[in-house]
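Undergrad: Got a structure for you, work_14.cif, holding mmCIF, C-alpha atoms and all ligand atoms.
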data_protein
#
loop_
_atom_site.label_atom_id
_atom_site.label_comp_id
_atom_site.auth_asym_id
_atom_site.auth_seq_id
_atom_site.Cartn_x
_atom_site.Cartn_y
_atom_site.Cartn_z
CA MET A 362 17.87 -28.56 47.42
CA LYS A 363 18.00 -29.11 43.66
CA LYS A 364 18.29 -32.62 42.27
CA ARG A 365 20.61 -33.18 39.35
CA ALA A 366 18.82 -34.41 36.26
CA PRO A 367 19.72 -38.07 35.68
CA ASP A 368 21.49 -38.94 32.45
CA LEU A 369 19.04 -39.86 29.71
CA PRO A 370 18.87 -43.56 28.87
CA ALA A 371 19.73 -44.61 25.32
CA PRO A 372 17.12 -43.47 22.76
CA GLY A 373 16.50 -47.10 21.81
CA SER A 374 15.32 -47.95 25.28
CA ILE A 375 12.97 -44.96 25.39
CA TRP A 376 11.58 -46.02 22.01
CA ALA A 377 11.01 -49.55 23.26
CA SER A 378 9.38 -48.48 26.53
CA LEU A 379 7.11 -45.79 25.07
CA PRO A 380 3.57 -46.98 25.86
CA THR A 381 2.07 -44.95 22.98
CA PRO A 382 2.18 -46.53 19.52
CA ALA A 383 4.75 -44.59 17.48
CA LEU A 384 6.06 -44.81 13.91
CA LEU A 385 9.07 -43.15 12.33
CA LEU A 386 8.62 -42.20 8.66
CA ASP A 387 11.15 -41.18 6.05
CA ALA A 388 10.75 -38.26 3.62
CA GLN A 389 8.69 -40.49 1.29
CA ASP A 390 6.29 -41.54 4.07
CA ARG A 391 7.86 -45.00 4.26
CA VAL A 392 8.20 -46.70 7.62
CA ILE A 393 11.69 -46.55 9.13
CA ALA A 394 10.75 -48.08 12.46
CA ILE A 395 7.76 -48.85 14.66
CA ASN A 396 7.93 -49.28 18.41
CA PRO A 397 6.68 -52.37 20.28
CA ALA A 398 3.51 -50.54 21.37
CA ALA A 399 2.69 -49.88 17.70
CA GLU A 400 3.48 -53.49 16.79
CA SER A 401 0.96 -54.78 19.26
CA PHE A 402 -1.62 -52.06 18.61
CA LEU A 403 -1.53 -52.56 14.85
CA ASN A 404 -0.91 -56.27 15.11
CA LEU A 405 1.91 -55.92 12.58
CA SER A 406 5.59 -56.71 12.95
CA THR A 407 8.45 -54.31 12.40
CA ARG A 408 9.72 -56.59 9.66
CA SER A 409 6.46 -56.43 7.71
CA MET A 410 6.33 -52.65 8.04
CA GLN A 411 9.89 -51.53 7.41
CA GLY A 412 10.39 -49.76 4.08
CA GLN A 413 6.66 -49.91 3.29
CA PRO A 414 4.63 -46.77 2.49
CA VAL A 415 2.76 -46.20 5.73
CA LEU A 416 -0.45 -45.32 3.94
CA ASP A 417 -0.50 -48.74 2.27
CA LYS A 418 -0.36 -50.38 5.66
CA LEU A 419 -2.73 -48.27 7.71
CA ALA A 420 -6.32 -47.37 6.91
CA ILE A 421 -6.83 -43.89 8.25
CA ASP A 422 -9.88 -41.85 7.29
CA ALA A 423 -8.11 -38.51 6.97
CA PRO A 424 -6.02 -36.99 4.18
CA LEU A 425 -2.73 -37.87 5.80
CA GLU A 426 -0.55 -37.10 2.77
CA GLU A 427 -1.56 -33.49 3.12
CA VAL A 428 -1.03 -33.49 6.86
CA PHE A 429 2.46 -34.96 6.47
CA ALA A 430 3.33 -32.41 3.80
CA ARG A 431 2.10 -29.59 6.00
CA ALA A 432 4.07 -30.79 9.01
CA ARG A 433 7.23 -30.90 6.86
CA ALA A 434 6.57 -27.56 5.19
CA ASN A 435 5.83 -25.74 8.46
CA GLN A 436 8.31 -27.74 10.52
CA SER A 437 5.75 -27.91 13.28
CA ALA A 438 3.71 -30.63 14.95
CA LEU A 439 0.14 -31.25 13.78
CA PHE A 440 -2.68 -32.87 15.71
CA LEU A 441 -5.60 -34.80 14.25
CA ASN A 442 -8.33 -35.84 16.64
CA ASP A 443 -10.97 -38.54 16.34
CA VAL A 444 -9.79 -40.34 13.23
CA ASP A 445 -10.35 -44.02 12.54
CA VAL A 446 -7.15 -46.04 12.39
CA GLY A 447 -7.15 -49.63 11.22
CA THR A 448 -5.02 -52.10 9.33
CA GLY A 449 -5.91 -54.99 7.09
CA GLU A 450 -5.61 -57.16 10.19
CA ARG A 451 -7.50 -55.06 12.65
CA ALA A 452 -10.84 -53.28 12.92
CA PRO A 453 -10.55 -49.48 13.03
CA VAL A 454 -10.30 -47.70 16.36
CA VAL A 455 -10.86 -43.99 16.98
CA CYS A 456 -7.53 -42.34 17.76
CA ASN A 457 -5.87 -39.01 18.20
CA LEU A 458 -2.81 -38.62 15.97
CA GLN A 459 0.22 -36.42 16.30
CA VAL A 460 2.66 -35.80 13.49
CA ALA A 461 5.97 -34.14 14.35
CA PRO A 462 9.03 -33.49 12.21
CA LEU A 463 12.30 -34.58 13.86
CA ASN A 464 14.46 -31.74 15.02
CA ASP A 465 17.72 -32.85 13.48
CA ASP A 466 16.24 -34.47 10.39
CA PRO A 467 13.41 -32.32 8.99
CA GLY A 468 12.13 -34.80 6.35
CA THR A 469 11.66 -37.53 8.94
CA LEU A 470 8.35 -37.59 10.79
CA LEU A 471 7.31 -39.09 14.09
CA LEU A 472 3.71 -40.30 14.01
CA THR A 473 2.15 -41.20 17.34
CA ILE A 474 -1.23 -42.85 17.59
CA ALA A 475 -3.21 -42.49 20.80
CA PRO A 476 -6.26 -44.77 20.84
CA ARG A 477 -9.19 -43.19 22.61
CA GLU A 478 -10.72 -45.13 25.46
CA LEU A 479 -13.66 -47.08 24.19
CA ALA A 480 -16.07 -45.73 26.77
CA ASP A 481 -14.96 -42.17 26.24
CA ARG A 482 -15.31 -42.60 22.51
CA LEU A 483 -18.79 -44.09 22.52
CA GLY A 484 -20.03 -41.64 25.09
CA ARG A 485 -18.62 -38.57 23.47
CA SER A 486 -19.45 -39.15 19.86
CA GLN A 487 -22.98 -40.08 20.78
CA ASN A 488 -23.30 -37.03 22.97
CA VAL A 489 -22.12 -34.70 20.28
CA LYS A 490 -24.40 -36.25 17.69
CA SER A 491 -27.50 -36.30 19.81
CA ALA A 492 -26.80 -32.83 21.18
CA ALA A 493 -26.55 -31.43 17.67
CA LYS A 494 -29.60 -33.40 16.64
CA SER A 495 -31.76 -32.28 19.50
CA ALA A 496 -30.54 -28.68 19.18
CA ILE A 497 -31.49 -28.72 15.51
CA GLY A 498 -34.77 -30.50 16.19
CA MET A 499 -35.67 -27.93 18.81
CA ALA A 500 -34.73 -25.05 16.54
CA GLU A 501 -36.75 -26.52 13.70
CA MET A 502 -39.79 -26.83 15.90
CA LEU A 503 -39.39 -23.27 17.12
CA ALA A 504 -38.86 -22.03 13.58
CA HIS A 505 -42.09 -23.60 12.51
CA GLU A 506 -44.01 -22.22 15.50
CA ILE A 507 -42.64 -18.70 15.17
CA LYS A 508 -43.28 -18.30 11.47
CA ASN A 509 -47.10 -18.19 11.78
CA PRO A 510 -47.37 -15.41 14.35
CA LEU A 511 -44.69 -13.52 12.47
CA ALA A 512 -46.79 -13.57 9.33
CA GLY A 513 -49.62 -12.12 11.43
CA ILE A 514 -47.44 -9.37 12.87
CA SER A 515 -46.09 -8.40 9.49
CA GLY A 516 -49.58 -8.43 7.93
CA ALA A 517 -50.99 -6.26 10.72
CA ALA A 518 -48.14 -3.78 10.33
CA GLN A 519 -48.85 -3.54 6.61
CA LEU A 520 -52.55 -2.84 7.33
CA ILE A 521 -51.68 -0.11 9.83
CA SER A 522 -49.27 1.47 7.38
CA MET A 523 -52.07 2.10 4.88
CA ASN A 524 -53.60 4.84 7.02
CA ALA A 525 -50.46 5.89 8.83
CA SER A 526 -48.62 9.20 8.63
CA ALA A 527 -45.23 9.22 6.94
CA GLU A 528 -43.57 9.22 10.32
CA ASP A 529 -45.53 6.21 11.56
CA ARG A 530 -44.98 4.42 8.29
CA GLU A 531 -41.26 4.43 9.00
CA LEU A 532 -42.03 2.40 12.11
CA THR A 533 -44.36 -0.05 10.37
CA ASP A 534 -41.77 -0.49 7.62
CA LEU A 535 -39.27 -1.32 10.31
CA ILE A 536 -41.58 -4.01 11.69
CA VAL A 537 -42.10 -5.51 8.25
CA GLU A 538 -38.39 -5.37 7.44
CA GLU A 539 -37.32 -6.99 10.71
CA THR A 540 -39.93 -9.73 10.60
CA ARG A 541 -38.76 -10.54 7.08
CA ARG A 542 -35.23 -10.90 8.42
CA ILE A 543 -36.36 -13.28 11.16
CA VAL A 544 -38.34 -15.37 8.67
CA LYS A 545 -35.21 -15.68 6.56
CA LEU A 546 -33.23 -16.91 9.53
CA LEU A 547 -35.93 -19.40 10.40
CA GLU A 548 -36.01 -20.70 6.86
CA GLN A 549 -32.32 -21.40 7.09
CA VAL A 550 -32.88 -23.44 10.24
CA GLU A 551 -35.66 -25.38 8.54
CA GLN A 552 -33.53 -25.99 5.50
CA PHE A 553 -30.94 -27.67 7.64
CA GLY A 554 -33.46 -30.21 8.85
CA ASN A 555 -34.91 -30.82 5.41
CA LEU A 556 -31.73 -31.73 3.60
CA ARG A 557 -32.34 -34.72 1.34
CA PRO A 558 -29.62 -37.15 0.26
CA PRO A 559 -27.73 -35.73 -2.73
CA GLU A 560 -28.72 -36.71 -6.26
CA GLN A 561 -25.93 -38.52 -8.01
CA ARG A 562 -25.09 -37.14 -11.39
CA ALA A 563 -22.05 -35.75 -13.15
CA VAL A 564 -21.66 -32.09 -12.21
CA ASN A 565 -19.30 -29.61 -13.81
CA ILE A 566 -17.87 -27.76 -10.82
CA HIS A 567 -17.08 -24.66 -12.87
CA ASP A 568 -20.73 -24.26 -13.90
CA VAL A 569 -21.74 -24.40 -10.27
CA LEU A 570 -19.01 -21.96 -9.23
CA ASP A 571 -20.07 -19.60 -11.99
CA ARG A 572 -23.66 -19.57 -10.79
CA ALA A 573 -22.49 -19.00 -7.23
CA ARG A 574 -20.16 -16.20 -8.27
CA ARG A 575 -22.72 -14.38 -10.38
CA SER A 576 -25.49 -14.51 -7.84
CA SER A 577 -23.23 -13.43 -4.99
CA LEU A 578 -21.90 -10.44 -6.97
CA VAL A 579 -25.41 -9.04 -7.39
CA GLY A 580 -26.20 -9.71 -3.73
CA PHE A 581 -24.15 -10.13 -0.58
CA ALA A 582 -20.78 -9.83 -2.33
CA ALA A 583 -21.50 -6.66 -4.31
CA HIS A 584 -18.65 -4.90 -2.48
CA MET A 585 -16.15 -7.65 -3.26
CA GLN A 586 -14.00 -8.50 -6.22
CA ILE A 587 -14.16 -12.18 -7.13
CA VAL A 588 -11.18 -13.52 -9.04
CA GLU A 589 -11.37 -16.85 -10.88
CA ASP A 590 -8.35 -19.07 -10.99
CA TYR A 591 -9.66 -22.21 -12.68
CA ASP A 592 -8.05 -25.31 -14.09
CA PRO A 593 -10.34 -25.67 -17.14
CA SER A 594 -9.43 -29.32 -17.64
CA LEU A 595 -10.97 -30.36 -14.33
CA PRO A 596 -13.27 -33.37 -14.78
CA SER A 597 -16.80 -33.53 -13.38
CA THR A 598 -17.67 -34.62 -9.89
CA LEU A 599 -20.55 -36.86 -8.92
CA GLY A 600 -23.27 -35.20 -6.92
CA ASP A 601 -26.06 -32.74 -6.55
CA GLY A 602 -25.55 -29.42 -8.35
CA ASP A 603 -28.08 -27.55 -6.21
CA GLN A 604 -26.56 -28.70 -2.95
CA LEU A 605 -23.05 -27.89 -4.16
CA LEU A 606 -24.29 -24.45 -5.21
CA GLN A 607 -25.50 -23.98 -1.64
CA VAL A 608 -22.04 -24.94 -0.38
CA PHE A 609 -20.22 -22.38 -2.50
CA LEU A 610 -22.80 -19.67 -1.80
CA ASN A 611 -22.34 -20.20 1.93
CA LEU A 612 -18.55 -20.04 1.65
CA LEU A 613 -18.65 -16.95 -0.57
CA LYS A 614 -21.10 -15.32 1.82
CA ASN A 615 -18.83 -15.95 4.79
CA ALA A 616 -15.86 -14.59 2.85
CA ALA A 617 -17.83 -11.48 1.85
CA GLU A 618 -19.13 -10.94 5.38
CA ALA A 619 -15.64 -11.30 6.84
CA SER A 620 -14.58 -8.06 5.15
CA LYS A 621 -17.30 -6.23 7.13
CA GLY A 622 -18.53 -4.10 4.25
CA LYS A 623 -15.08 -2.99 3.15
CA PRO A 624 -13.97 -3.90 -0.35
CA GLY A 625 -11.99 -7.11 -0.48
CA VAL A 626 -10.86 -9.83 -2.84
CA ILE A 627 -12.14 -13.40 -2.98
CA ARG A 628 -10.23 -15.87 -5.10
CA ILE A 629 -11.88 -19.05 -6.32
CA ARG A 630 -9.24 -21.56 -7.24
CA THR A 631 -9.76 -25.01 -8.72
CA PHE A 632 -7.09 -27.60 -9.36
CA TYR A 633 -6.38 -31.27 -9.50
CA ASP A 634 -4.47 -33.08 -6.79
CA MET A 635 -4.35 -36.81 -7.19
CA ALA A 636 -2.40 -37.34 -3.98
CA LEU A 637 -5.34 -36.77 -1.70
CA ARG A 638 -7.15 -39.92 -0.55
CA LEU A 639 -9.70 -40.51 2.14
CA ARG A 640 -9.28 -43.79 3.93
CA ARG A 641 -12.43 -45.55 4.88
CA ARG A 642 -13.29 -47.77 7.78
CA ASP A 643 -13.15 -50.88 5.62
CA GLY A 644 -9.60 -50.06 4.58
CA THR A 645 -10.41 -49.02 1.02
CA GLY A 646 -9.25 -45.62 -0.13
CA ARG A 647 -11.25 -43.12 -2.10
CA SER A 648 -9.41 -40.41 -3.90
CA VAL A 649 -10.80 -36.89 -3.76
CA PRO A 650 -8.71 -35.20 -6.45
CA LEU A 651 -10.96 -32.24 -7.35
CA GLN A 652 -9.93 -29.26 -5.27
CA VAL A 653 -11.87 -26.04 -4.88
CA GLU A 654 -10.52 -23.27 -2.71
CA ILE A 655 -12.38 -20.15 -1.63
CA ILE A 656 -9.73 -17.71 -0.47
CA ASP A 657 -10.40 -14.34 1.09
CA ASN A 658 -8.15 -11.57 2.35
CA GLY A 659 -10.30 -10.73 5.38
CA PRO A 660 -9.27 -10.69 9.03
CA GLY A 661 -9.31 -14.48 9.46
CA ILE A 662 -11.36 -16.71 11.73
CA ALA A 663 -11.57 -15.59 15.34
CA PRO A 664 -9.28 -17.95 17.33
CA ASP A 665 -11.84 -18.55 20.08
CA ILE A 666 -14.28 -20.26 17.70
CA ALA A 667 -11.82 -21.58 15.12
CA SER A 668 -12.00 -25.19 16.33
CA GLU A 669 -15.81 -25.27 16.28
CA ILE A 670 -16.91 -23.38 13.19
CA PHE A 671 -18.34 -26.51 11.55
CA GLU A 672 -20.63 -27.17 14.53
CA PRO A 673 -24.22 -25.95 14.24
CA PHE A 674 -25.04 -22.68 16.01
CA VAL A 675 -21.43 -21.55 16.36
CA SER A 676 -21.18 -18.04 14.97
CA GLY A 677 -18.82 -15.12 15.37
CA ARG A 678 -21.29 -12.67 13.85
CA GLU A 679 -24.01 -10.71 15.56
CA ASN A 680 -26.76 -11.85 13.21
CA GLY A 681 -25.31 -15.23 12.30
CA THR A 682 -27.23 -18.44 12.86
CA GLY A 683 -24.02 -20.48 12.74
CA LEU A 684 -25.66 -22.95 10.39
CA GLY A 685 -23.83 -22.03 7.19
CA LEU A 686 -20.71 -24.13 7.71
CA ALA A 687 -22.58 -26.93 9.48
CA LEU A 688 -24.66 -27.27 6.32
CA VAL A 689 -21.56 -27.08 4.13
CA SER A 690 -19.84 -29.82 6.06
CA LYS A 691 -22.91 -32.06 6.00
CA ILE A 692 -23.33 -31.68 2.23
CA ILE A 693 -19.66 -32.28 1.52
CA SER A 694 -19.55 -35.37 3.67
CA ASP A 695 -22.73 -36.67 1.95
CA HIS A 696 -20.79 -36.23 -1.31
CA GLY A 697 -17.89 -38.34 -0.07
CA GLY A 698 -15.68 -35.26 0.08
CA TRP A 699 -13.54 -33.45 2.58
CA ILE A 700 -13.41 -29.85 3.76
CA SER A 701 -10.54 -28.15 5.52
CA VAL A 702 -9.70 -24.64 6.50
CA ASP A 703 -6.52 -22.69 6.97
CA SER A 704 -6.85 -19.20 8.36
CA VAL A 705 -4.48 -16.43 9.38
CA PRO A 706 -5.25 -12.71 9.47
CA GLY A 707 -5.27 -11.58 5.84
CA LYS A 708 -5.77 -15.03 4.34
CA THR A 709 -8.49 -17.58 4.93
CA VAL A 710 -8.65 -20.65 2.71
CA PHE A 711 -11.57 -23.07 2.74
CA ARG A 712 -10.66 -26.09 0.67
CA ILE A 713 -13.15 -28.62 -0.60
CA SER A 714 -11.94 -31.91 -2.02
CA LEU A 715 -14.34 -33.98 -4.09
CA PRO A 716 -14.26 -37.29 -5.92
CA ILE A 717 -14.42 -37.53 -9.73
CA ALA A 718 -17.49 -38.85 -11.50
CA PRO A 719 -16.53 -42.26 -12.91
CA LYS A 720 -16.58 -42.27 -16.73
CA GLY A 721 -20.07 -42.64 -18.14
CA THR A 722 -21.66 -42.26 -14.70
CA ASP A 723 -24.74 -40.21 -14.67
CA GLY A 724 -27.79 -40.73 -12.51
CA ASN A 725 -30.18 -39.67 -15.27
CA GLY A 726 -28.53 -41.13 -18.30
CA THR A 727 -27.77 -37.67 -19.67
CA GLU A 728 -24.22 -36.51 -20.06
CA THR A 729 -23.40 -33.22 -18.42
CA PRO A 730 -20.68 -31.38 -20.31
N1 LIG B 801 -13.98 -16.56 5.56
C1 LIG B 801 -14.11 -16.33 6.88
N2 LIG B 801 -13.35 -15.38 7.51
C2 LIG B 801 -13.48 -15.15 8.84
N3 LIG B 801 -14.33 -15.81 9.64
C3 LIG B 801 -15.12 -16.75 9.08
C4 LIG B 801 -15.05 -17.06 7.69
N4 LIG B 801 -15.94 -18.05 7.44
C5 LIG B 801 -16.54 -18.33 8.62
N5 LIG B 801 -16.05 -17.55 9.63
C6 LIG B 801 -16.47 -17.57 11.03
O1 LIG B 801 -17.16 -18.77 11.27
C7 LIG B 801 -18.44 -18.52 11.82
C8 LIG B 801 -19.41 -19.59 11.45
O2 LIG B 801 -19.76 -19.51 10.10
P1 LIG B 801 -21.17 -20.06 9.61
O3 LIG B 801 -21.29 -19.81 8.15
O4 LIG B 801 -21.33 -21.46 10.08
O5 LIG B 801 -22.21 -19.20 10.43
P2 LIG B 801 -22.57 -17.67 10.25
O6 LIG B 801 -21.97 -17.14 8.99
O7 LIG B 801 -22.21 -16.98 11.51
O8 LIG B 801 -24.14 -17.72 10.14
P3 LIG B 801 -25.01 -18.17 8.84
O9 LIG B 801 -24.05 -18.66 7.80
O10 LIG B 801 -25.86 -19.26 9.35
O11 LIG B 801 -25.72 -16.95 8.45
C9 LIG B 801 -18.79 -17.13 11.31
O12 LIG B 801 -19.72 -16.50 12.16
C10 LIG B 801 -17.44 -16.44 11.33
O13 LIG B 801 -17.16 -15.95 12.62
MG MG B 802 -22.25 -18.14 7.15
#
Would you write the structure of this file as structure tokens?
TA:
Amino acid sequence: MKKRAPDLPAPGSIWASLPTPALLLDAQDRVIAINPAAESFLNLSTRSMQGQPVLDKLAIDAPLEEVFARARANQSALFLNDVDVGTGERAPVVCNLQVAPLNDDPGTLLLTIAPRELADRLGRSQNVKSAAKSAIGMAEMLAHEIKNPLAGISGAAQLISMNASAEDRELTDLIVEETRRIVKLLEQVEQFGNLRPPEQRAVNIHDVLDRARRSSLVGFAAHMQIVEDYDPSLPSTLGDGDQLLQVFLNLLKNAAEASKGKPGVIRIRTFYDMALRLRRRDGTGRSVPLQVEIIDNGPGIAPDIASEIFEPFVSGRENGTGLGLALVSKIISDHGGWISVDSVPGKTVFRISLPIAPKGTDGNGTETP
């Protein structure tokens, strides 16, 4: 026997009973309404919120402007997990956010905020951190231990090769070649553990990109075409040129490897976008207006690993260590920046957003052009 669906209650009563904090935003990201659950969670009244830009009222450490714009442009819901949400009145709490455009009014957005249980949050974030830490610690130790015997193996093979026939020399060459490859992998693991805090000086992003582009074209990206699409007026960022070079090399290498040896095109795009701000725990905002995008026309990121590519040891490649992007994300976060990725078959965009060097700032007292 089928039950008839009951008539829906008035929307207002659903809104008032919804246990999840929810906010309704107009096309300019101003608050139209907040439900009672949001009032008590944020400790703010509807009256104090109505008509106010939501980003002035909430401290959220994610580039929400961009997320809102994307939800409107794609007319689809977006999810953001594990972000800190606070207000001037209230200490930040880790939450999962959902942003959904309203069906009958596409500019209007529904933002729901689901606070994560305290226990769950402490447990999980600590787990992830210590798991990554012990995995890296273990790998570093192994790397160190394996490098010595490898040097011995490679040396012995070279000695044998001196008196070997041409046929045997092919085999000893193989040993030397393969041990060299392993040593390279191990060095990458060690590098991850050795990362120092970034130096703070004014860095011209285009100089760094140029170095990255030139060295990749003579190496791993020899089969690729690299197109520059720069905004020459871009100001300097504050940071460590060598570490940023490592970031762009890793991204270019991934883009080149994605094409699997076939010719492809990588576009490096730089531009200025003042709208992007990172919100910090203490409620202050930091703008990250320098944008660098590395765009490739490869097959895109495999969906089964897409949500984890920034974790150490996650790789979709046979010989990958899975440390490239973990290193990138560590360096960028040490620089106070933000990295995001958008990937569909045929177009993968890694975007890095960095702060500007304040005028006259330079760690060494020398001005970098
Ligand atoms: N531009 C891209 N296109 C398609 N897939 C990508 C791209 N960039 C990264 N990936 C995927 O993400 C995975 C993780 O990348 P990451 O750089 O962290 O490790 P890796 O390249 O596998 O190894 P390593 O960089 O340490 O040599 C890659 O193995 C690949 O599957
Ligand atoms: Mg890589």
Undergrad: Using only C-alpha atoms for the distances, tell me which of A:Gly685, A:Gly447, A:Leu369, A:Arg712 is nearest to A:Ala399.
TA: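 Checking each of A:Gly685, A:Gly447, A:Leu369, A:Arg712 against A:Ala399, counting only C-alpha atoms, the winner is A:Gly447.
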Undergrad: Would you list the residues that come within 7 Å of ligand MG 802 (chain B)? Count all atoms listed in the file and give the answer as a list in words.
TA: Asn611, Leu612, Lys614, Asn615, Gly681, Gly683, Leu684, Gly685 and Leu686 of chain A
Undergrad: Between atom CA of A:His584 and atom CA of A:Ala617, measure the distance and give it in Å to one decimal.
TA: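 Pair atom CA of A:His584 / atom CA of A:Ala617 returns 7.9 Å.
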Undergrad: Choose the residue, out of A:Ser676, A:Ser522, A:Thr448, A:Ser714, that has the smallest atom-to-atom separation from ligand LIG 801 (chain B); count all atoms listed in the file.
TA: A:Ser676
Undergrad: Can you pull out every residue with an atom within 8 Å of ligand LIG 801 (chain B)? Use only C-alpha atoms and all ligand atoms and format it as number ranges by chain.
TA: A: 546, 549, 611-620, 656-657, 659-663, 666-667, 670-688, 704, 709-711
Undergrad: Using all atoms listed in the file, which protein or nucleic acid residues come within 12 Å of A:Gly516? Drop anything in the same chain fewer than 4 positions from it, and give the result as a short mmCIF file (atom, residue, chain, number, x, y, z; two decimals) with C-alpha atoms, in the frame of the given file.
TA:
data_model
loop_
_atom_site.label_atom_id
_atom_site.label_comp_id
_atom_site.auth_asym_id
_atom_site.auth_seq_id
_atom_site.Cartn_x
_atom_site.Cartn_y
_atom_site.Cartn_z
CA ASN A 509 -47.10 -18.19 11.78
CA PRO A 510 -47.37 -15.41 14.35
CA LEU A 511 -44.69 -13.52 12.47
CA ALA A 512 -46.79 -13.57 9.33
CA LEU A 520 -52.55 -2.84 7.33
CA ILE A 521 -51.68 -0.11 9.83
CA SER A 522 -49.27 1.47 7.38
CA MET A 523 -52.07 2.10 4.88
CA THR A 533 -44.36 -0.05 10.37
CA ASP A 534 -41.77 -0.49 7.62
CA ILE A 536 -41.58 -4.01 11.69
CA VAL A 537 -42.10 -5.51 8.25
CA GLU A 538 -38.39 -5.37 7.44
CA THR A 540 -39.93 -9.73 10.60
CA ARG A 541 -38.76 -10.54 7.08
#
Undergrad: Of the candidates A:Gln389, A:Thr631, A:Gln652, A:Thr381, which one gets nearest to A:Ser401 if we count only C-alpha atoms?
TA: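 Of A:Gln389, A:Thr631, A:Gln652, A:Thr381, the one nearest A:Ser401 is A:Thr381, counting only C-alpha atoms.
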Undergrad: Name the residues in contact with A:Ala438 at a cut-off of 6 Å, using all atoms listed in the file, excluding same-chain residues fewer than 6 positions from it; report them as number ranges by chain.
TA: A: 432, 460-461
Undergrad: Quick one, how far is atom CA of A:Leu535 from atom CA of A:Ala517?
TA: 12.7 Å
Undergrad: What is the distance, in Å and to one decimal place, between atom CA of A:Ser668 and atom CA of A:Asn464?
TA: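 Here the two named atoms are 27.3 Å from each other.
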Undergrad: Compare A:Leu379, A:Val446, A:Ala582, A:Val608 by their minimum atom-to-atom distance to A:Val689, counting all atoms listed in the file, and give me the closest one.
TA: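 Among A:Leu379, A:Val446, A:Ala582, A:Val608, it is A:Val608 that comes nearest to A:Val689.
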Undergrad: Tell me which protein, DNA and RNA residues are within 12 Å of A:Ser437, counting all atoms listed in the file, leaving out same-chain ones fewer than 3 positions away, and put them as an MDAnalysis selection string.
TA: chainID A and resid 428:434 440 459:464 467:468 470:471
Undergrad: Which residue gives the smallest distance to A:Leu651 among A:Asp466, A:Asp601, A:Asp529, A:Asp592, with only C-alpha atoms counted?
TA: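 Among the listed residues, A:Asp592 lies closest to A:Leu651.
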Undergrad: Which residue out of A:Leu405, A:Ala563, A:Leu532, A:Ile655 has the minimum interatomic distance to A:Gly602 when only C-alpha atoms are used?
TA: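 Nearest candidate to A:Gly602 out of A:Leu405, A:Ala563, A:Leu532, A:Ile655: A:Ala563.
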Undergrad: If we count all atoms listed in the file, what is near A:Leu595 at a cut-off of 10 Å, once residues fewer than 5 positions away on the same chain are taken out, given as a list in words?
TA: Asn565, Ile566, His567, Thr631, Phe632, Tyr633, Pro650, Leu651, Gln652 and Ile717 of chain A
Undergrad: Write to file, as a short mmCIF file (atom, residue, chain, number, x, y, z; two decimals), in the frame of the given file, the residues of the selection just made, with C-alpha atoms.
TA:
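Result went into part_0.cif, see below:
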data_model
loop_
_atom_site.label_atom_id
_atom_site.label_comp_id
_atom_site.auth_asym_id
_atom_site.auth_seq_id
_atom_site.Cartn_x
_atom_site.Cartn_y
_atom_site.Cartn_z
CA ASN A 565 -19.30 -29.61 -13.81
CA ILE A 566 -17.87 -27.76 -10.82
CA HIS A 567 -17.08 -24.66 -12.87
CA THR A 631 -9.76 -25.01 -8.72
CA PHE A 632 -7.09 -27.60 -9.36
CA TYR A 633 -6.38 -31.27 -9.50
CA PRO A 650 -8.71 -35.20 -6.45
CA LEU A 651 -10.96 -32.24 -7.35
CA GLN A 652 -9.93 -29.26 -5.27
CA ILE A 717 -14.42 -37.53 -9.73
#
Undergrad: Only N, CA, C and O atoms, as an mmCIF file, in the first residue's frame: that is what I want for stretch 653-659 of chain A.
TA:
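Full text of out.cif as output:
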data_model
loop_
_atom_site.group_PDB
_atom_site.id
_atom_site.type_symbol
_atom_site.label_atom_id
_atom_site.label_comp_id
_atom_site.auth_asym_id
_atom_site.auth_seq_id
_atom_site.Cartn_x
_atom_site.Cartn_y
_atom_site.Cartn_z
ATOM 1 N N VAL A 653 48.932 32.577 -10.766
ATOM 2 C CA VAL A 653 49.723 31.874 -11.777
ATOM 3 C C VAL A 653 48.988 30.586 -12.103
ATOM 4 O O VAL A 653 48.679 29.807 -11.195
ATOM 5 N N GLU A 654 48.704 30.384 -13.373
ATOM 6 C CA GLU A 654 48.051 29.140 -13.756
ATOM 7 C C GLU A 654 48.953 28.338 -14.689
ATOM 8 O O GLU A 654 49.572 28.889 -15.600
ATOM 9 N N ILE A 655 49.043 27.046 -14.423
ATOM 10 C CA ILE A 655 49.748 26.125 -15.317
ATOM 11 C C ILE A 655 48.662 25.249 -15.934
ATOM 12 O O ILE A 655 47.998 24.486 -15.229
ATOM 13 N N ILE A 656 48.469 25.417 -17.236
ATOM 14 C CA ILE A 656 47.329 24.784 -17.888
ATOM 15 C C ILE A 656 47.837 23.791 -18.926
ATOM 16 O O ILE A 656 48.673 24.150 -19.763
ATOM 17 N N ASP A 657 47.379 22.559 -18.862
ATOM 18 C CA ASP A 657 47.802 21.628 -19.897
ATOM 19 C C ASP A 657 46.592 21.027 -20.609
ATOM 20 O O ASP A 657 45.473 21.095 -20.112
ATOM 21 N N ASN A 658 46.852 20.480 -21.787
ATOM 22 C CA ASN A 658 45.747 19.906 -22.563
ATOM 23 C C ASN A 658 45.815 18.370 -22.563
ATOM 24 O O ASN A 658 45.413 17.718 -23.502
ATOM 25 N N GLY A 659 46.342 17.830 -21.470
ATOM 26 C CA GLY A 659 46.445 16.376 -21.316
ATOM 27 C C GLY A 659 45.118 15.739 -20.940
ATOM 28 O O GLY A 659 44.078 16.396 -20.966
#
